[in-house]
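Everything on this sheet refers to the single structure shown next.
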Amino acid sequence: MSRPDFSTELVPLADRLRVMQLVRLLLVAIALAHVAAAPEAWSVGLGAVSLLVVAYVALTGTGYVVWRMYSGRGITLFGAMLIVDGFLIAALAALSGGVDSPAAYLVLPHCMMVALLASYRSAAKIALWHTLLAFAVHQADEANLLPAITGEARPGGPVVGLVTFSVLTWLAALGTASFAAMNERELRRRKVDLEDLARMATALEMVSTPASVGGILADSLVDAYGFTTAAVLTVDGDRLVPLAGVEGAPSTPGAFDRIVTAAWEHRTTQLVAHLDGARDPYLTSLFRSRRNVLVAPLFADGRPVGVVVAEHGLRRGSRIERRVVAMVERFCGHGSLALRNAWLLEEVQQLAATDALTRVANRRTFEETLERELSRAARAGTSVALVMVDVDHFKRLNDTHGHRTGDEVLRAVAGAIVAHTRDYDLVARYGGEEFAVVLPGCDSDAAAGLAERMREAIESLDSGPSVTASLGVAVGGGLGTDGEALVRAADAALYEAKRQGRNRVLRSLEAVA
């Protein structure tokens, strides 16, 4: 008999072998009980049957011991013992009246257990083996080779008994195997689902940005469940912002789409065969096919933080399996948690790099950025300008108007400086009422012109008491330029501006190498 198929098994082979040993013990116990209860139905006595059973138990027990010693041959021994099982049942049938005897029908539980413990193919093979042995017993009975048994013959004759036996054997084997295969397929699908979920969770542990989290979530759903496309959209105030899966898409222009709102309100995944352009205009603009769309909500801390939108490639009218919907929701649950953690990490990092009062960069961020820009400028042969800004007479302002007003002035000054910088410039609070502005790629003239516009903007502030500022400009960027030296040069120009009457911009006269 060929080996049973235990590839990618869910139940370990060791457990299958142990259960099969228990089944064998149960079969021999039933046979012995039948001999003891109805000795007239047997051509031999209890002693002869017991001797046969003892030999069988010894043989199968030896096989089990061999498996324990040489576990690599477990599948071969499993198949060999099934062949021995067939011989035992055939022998019991031959000693108790052939295929019509009750002992012959020990085949039925045997086939069922093989179907449950092995595979569909193994069940078919063992049913064929039992059928062949039953045919051999029948032929021996027809040739009067079996010992005679007292008792009344069954109606229908031996041929009917053989046919009945064969039909029941195949029904037991294939029927049980079919149901077992269905259950095992479902278990394998569940196992694969959990492996995919664990794989995504592992990948999420390796990233820390919201965009990376969204990308892993979208890609995992596409890979695991065959969606044609998947996108992650997150809430930013009163609009949806594409996070992953739709490159270059704009945020939602107005109210949330109906299907998105429904997913949040009911806290369940929404399935639609076709998006309605009038009721779901934003999603309709994002997805070309607009068909077979799944919208799963993302929640964190009890509030909606976004949705996952996916399109599946099933034919029109088909629906996604409930199992897939449930797993998508589990994926989204893990994704929501990872997104929340990524947002919290971003917030912590931003707080660590930002001045709490003015919301511009703090001194540590300034120092790191200045050194980085100077290194980049040295490699590229460009320059870096530094502007130091100090609010004039700030102590007097605090003493006159109070510290709360002073705080408001600092926030307004920071805003005026930021408004006159480029996206890649850095504005930082250097300390007290002093600010520092890093201007990559600026020469002295450009930096001085930008500093003058900052001074004018600060002088023009109309929120609270009027203020002015003094500004010092220094430029560096050559090979080996020292950040501290650049700061000293800009500070020197700043204090010279104060000595000359304040509310002015002065350039550093010293060259910063």
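In the structure tokens, chains take letters A, B, ... by order of appearance, with residues numbered from 1 within each chain and ligands from 1 in the order shown.
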
Counting only C-alpha atoms, give me one row per residue of range 3-122 of chain A with an atom at most 8 Å from an atom of range 167-170 of chain A, showing the shortest contact pair and its distance in Å to one decimal, sorted by chain then residue number, as a tab-separated table.
residue	atom	partner	partner_atom	distance
A:Val107	CA	A:Thr169	CA	6.8
A:Leu108	CA	A:Thr169	CA	5.8
A:Cys111	CA	A:Thr169	CA	7.2

Can you spit out the residues from that selection as an mmCIF file, in the first residue's frame, using N, CA, C and O atoms?
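Result went into result09.cif, see below:
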data_model
loop_
_atom_site.group_PDB
_atom_site.id
_atom_site.type_symbol
_atom_site.label_atom_id
_atom_site.label_comp_id
_atom_site.auth_asym_id
_atom_site.auth_seq_id
_atom_site.Cartn_x
_atom_site.Cartn_y
_atom_site.Cartn_z
ATOM 1 N N VAL A 107 -14.479 -3.456 9.405
ATOM 2 C CA VAL A 107 -13.894 -2.634 8.345
ATOM 3 C C VAL A 107 -14.413 -1.201 8.402
ATOM 4 O O VAL A 107 -13.673 -0.240 8.130
ATOM 5 N N LEU A 108 -15.677 -1.012 8.752
ATOM 6 C CA LEU A 108 -16.296 0.318 8.691
ATOM 7 C C LEU A 108 -15.626 1.308 9.643
ATOM 8 O O LEU A 108 -15.190 2.388 9.203
ATOM 9 N N CYS A 111 -12.059 2.012 8.330
ATOM 10 C CA CYS A 111 -12.003 2.935 7.189
ATOM 11 C C CYS A 111 -12.264 4.375 7.628
ATOM 12 O O CYS A 111 -11.619 5.312 7.143
#

For range 14-25 of chain A: contacts at 8 Å, only C-alpha atoms, fewer than 2 positions along chain excluded, given as a PyMOL selection string: chain A and resi 11-12+27-29+57+60+64+78+85+110+113+117-118

Near-Phe256 in chain A list (10 Å; only C-alpha atoms; drop same-chain fewer than 2 positions) as a list in words: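 Those residues are Val235, Asp238, Arg239, Leu240, Thr252, Pro253, Gly254, Arg258, Ile259, Val260, Thr261, Ala262, Arg279, Asp280, Pro281, Tyr282 and Leu283 of chain A.
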
For the selection just defined, write its residues with N, CA and C atoms to a file, as a PDB file, in the first residue's frame.
ATOM      1  N   VAL A 235      -7.938  59.881   8.565  1.00  0.00           N
ATOM      2  CA  VAL A 235      -8.663  61.114   8.869  1.00  0.00           C
ATOM      3  C   VAL A 235      -7.686  62.194   9.280  1.00  0.00           C
ATOM      4  N   ASP A 238     -11.376  67.159   9.141  1.00  0.00           N
ATOM      5  CA  ASP A 238     -12.670  66.804   8.556  1.00  0.00           C
ATOM      6  C   ASP A 238     -12.516  66.289   7.131  1.00  0.00           C
ATOM      7  N   ARG A 239     -11.373  65.684   6.824  1.00  0.00           N
ATOM      8  CA  ARG A 239     -11.157  65.155   5.482  1.00  0.00           C
ATOM      9  C   ARG A 239     -10.377  63.848   5.547  1.00  0.00           C
ATOM     10  N   LEU A 240     -10.474  63.084   4.467  1.00  0.00           N
ATOM     11  CA  LEU A 240      -9.705  61.851   4.324  1.00  0.00           C
ATOM     12  C   LEU A 240      -8.451  62.136   3.515  1.00  0.00           C
ATOM     13  N   THR A 252      -9.906  64.178   0.429  1.00  0.00           N
ATOM     14  CA  THR A 252     -11.323  64.316   0.122  1.00  0.00           C
ATOM     15  C   THR A 252     -11.722  65.791   0.133  1.00  0.00           C
ATOM     16  N   PRO A 253     -12.438  66.269  -0.869  1.00  0.00           N
ATOM     17  CA  PRO A 253     -12.705  67.702  -0.987  1.00  0.00           C
ATOM     18  C   PRO A 253     -13.756  68.232  -0.022  1.00  0.00           C
ATOM     19  N   GLY A 254     -14.671  67.365   0.428  1.00  0.00           N
ATOM     20  CA  GLY A 254     -15.741  67.872   1.267  1.00  0.00           C
ATOM     21  C   GLY A 254     -16.164  66.843   2.293  1.00  0.00           C
ATOM     22  N   ARG A 258     -20.737  58.477   1.652  1.00  0.00           N
ATOM     23  CA  ARG A 258     -21.778  57.747   2.405  1.00  0.00           C
ATOM     24  C   ARG A 258     -21.280  56.404   2.908  1.00  0.00           C
ATOM     25  N   ILE A 259     -20.567  55.666   2.064  1.00  0.00           N
ATOM     26  CA  ILE A 259     -20.145  54.320   2.460  1.00  0.00           C
ATOM     27  C   ILE A 259     -19.088  54.378   3.562  1.00  0.00           C
ATOM     28  N   VAL A 260     -18.262  55.421   3.553  1.00  0.00           N
ATOM     29  CA  VAL A 260     -17.273  55.596   4.613  1.00  0.00           C
ATOM     30  C   VAL A 260     -17.972  55.884   5.935  1.00  0.00           C
ATOM     31  N   THR A 261     -18.948  56.783   5.887  1.00  0.00           N
ATOM     32  CA  THR A 261     -19.712  57.110   7.091  1.00  0.00           C
ATOM     33  C   THR A 261     -20.449  55.884   7.628  1.00  0.00           C
ATOM     34  N   ALA A 262     -21.007  55.067   6.723  1.00  0.00           N
ATOM     35  CA  ALA A 262     -21.716  53.862   7.147  1.00  0.00           C
ATOM     36  C   ALA A 262     -20.759  52.880   7.823  1.00  0.00           C
ATOM     37  N   ARG A 279     -23.242  59.494  -4.450  1.00  0.00           N
ATOM     38  CA  ARG A 279     -23.199  59.329  -2.996  1.00  0.00           C
ATOM     39  C   ARG A 279     -21.783  59.078  -2.474  1.00  0.00           C
ATOM     40  N   ASP A 280     -20.920  58.560  -3.333  1.00  0.00           N
ATOM     41  CA  ASP A 280     -19.537  58.270  -2.948  1.00  0.00           C
ATOM     42  C   ASP A 280     -18.574  58.889  -3.960  1.00  0.00           C
ATOM     43  N   PRO A 281     -18.582  60.205  -4.090  1.00  0.00           N
ATOM     44  CA  PRO A 281     -17.788  60.841  -5.154  1.00  0.00           C
ATOM     45  C   PRO A 281     -16.281  60.681  -4.970  1.00  0.00           C
ATOM     46  N   TYR A 282     -15.823  60.707  -3.719  1.00  0.00           N
ATOM     47  CA  TYR A 282     -14.370  60.657  -3.503  1.00  0.00           C
ATOM     48  C   TYR A 282     -13.802  59.281  -3.862  1.00  0.00           C
ATOM     49  N   LEU A 283     -14.418  58.225  -3.357  1.00  0.00           N
ATOM     50  CA  LEU A 283     -13.933  56.877  -3.672  1.00  0.00           C
ATOM     51  C   LEU A 283     -14.095  56.587  -5.162  1.00  0.00           C
TER      52      LEU A 283
END

Taking 6 positions as the minimum chain separation for residues in the same chain, which residues sit within 9 Å of range 125-135 of chain A when counting only C-alpha atoms? Answer as a PDB file with C-alpha atoms, in the first residue's frame.
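Saved to around_36.pdb:
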ATOM      1  CA  MET A   1       0.000   0.000   0.000  1.00  0.00           C
ATOM      2  CA  SER A   2       1.299   3.529  -0.859  1.00  0.00           C
ATOM      3  CA  LEU A  82      -2.861  -0.526   7.716  1.00  0.00           C
ATOM      4  CA  ILE A  83      -2.123  -3.529   5.489  1.00  0.00           C
ATOM      5  CA  GLY A  86      -6.740  -5.542   6.691  1.00  0.00           C
ATOM      6  CA  PHE A  87      -5.326  -9.023   7.100  1.00  0.00           C
ATOM      7  CA  ILE A  89     -10.144  -8.169   9.782  1.00  0.00           C
ATOM      8  CA  ALA A  90     -10.178 -10.539   6.791  1.00  0.00           C
ATOM      9  CA  ALA A  93     -14.268 -12.591   8.797  1.00  0.00           C
ATOM     10  CA  GLY A  98     -17.196 -14.642   5.583  1.00  0.00           C
ATOM     11  CA  VAL A  99     -18.242 -11.189   4.455  1.00  0.00           C
ATOM     12  CA  ALA A 104     -16.245  -8.358   8.709  1.00  0.00           C
ATOM     13  CA  VAL A 107     -13.894  -2.634   8.345  1.00  0.00           C
ATOM     14  CA  CYS A 111     -12.003   2.935   7.189  1.00  0.00           C
ATOM     15  CA  VAL A 114      -8.079   6.006   8.364  1.00  0.00           C
ATOM     16  CA  ALA A 115     -10.067   8.684   6.512  1.00  0.00           C
ATOM     17  CA  LEU A 162     -20.165  -9.148  -0.856  1.00  0.00           C
ATOM     18  CA  PHE A 165     -20.041  -5.135   2.209  1.00  0.00           C
ATOM     19  CA  SER A 166     -18.195  -3.398  -0.617  1.00  0.00           C
ATOM     20  CA  THR A 169     -16.951   0.013   2.904  1.00  0.00           C
ATOM     21  CA  TRP A 170     -16.589   2.574   0.122  1.00  0.00           C
ATOM     22  CA  ALA A 172     -17.707   4.781   4.976  1.00  0.00           C
ATOM     23  CA  ALA A 173     -14.251   5.511   3.580  1.00  0.00           C
ATOM     24  CA  LEU A 174     -15.097   8.119   0.952  1.00  0.00           C
TER      25      LEU A 174
END

Using Å and a single decimal, report how far CA of Glu329 in chain A sits from CA of Leu197 in chain A.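 Result for CA of Leu197 in chain A versus CA of Glu329 in chain A: 10.9 Å, one decimal.
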
Run DSSP on the backbone and give me the residues of range 358-504 of chain A it puts in strand (DSSP E or B), as a PyMOL selection string. chain A and resi 361+384-391+426-431+434-440+469-476

From the set A:Pro109, A:Gly161, A:Gly45, A:Pro210, which residue has the shortest atom-to-atom contact distance to Asn341 in chain A, counting only C-alpha atoms? A:Pro210

Alpha helix (DSSP H) positions in range 300-480 of chain A, given as a PyMOL selection string: chain A and resi 322-353+363-380+394-401+403-419+444-459

Please report the interatomic distance between CA of Leu204 in chain A and CA of Glu186 in chain A in Å with one decimal.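 Going from CA of Leu204 in chain A over to CA of Glu186 in chain A, I get 26.9 Å.
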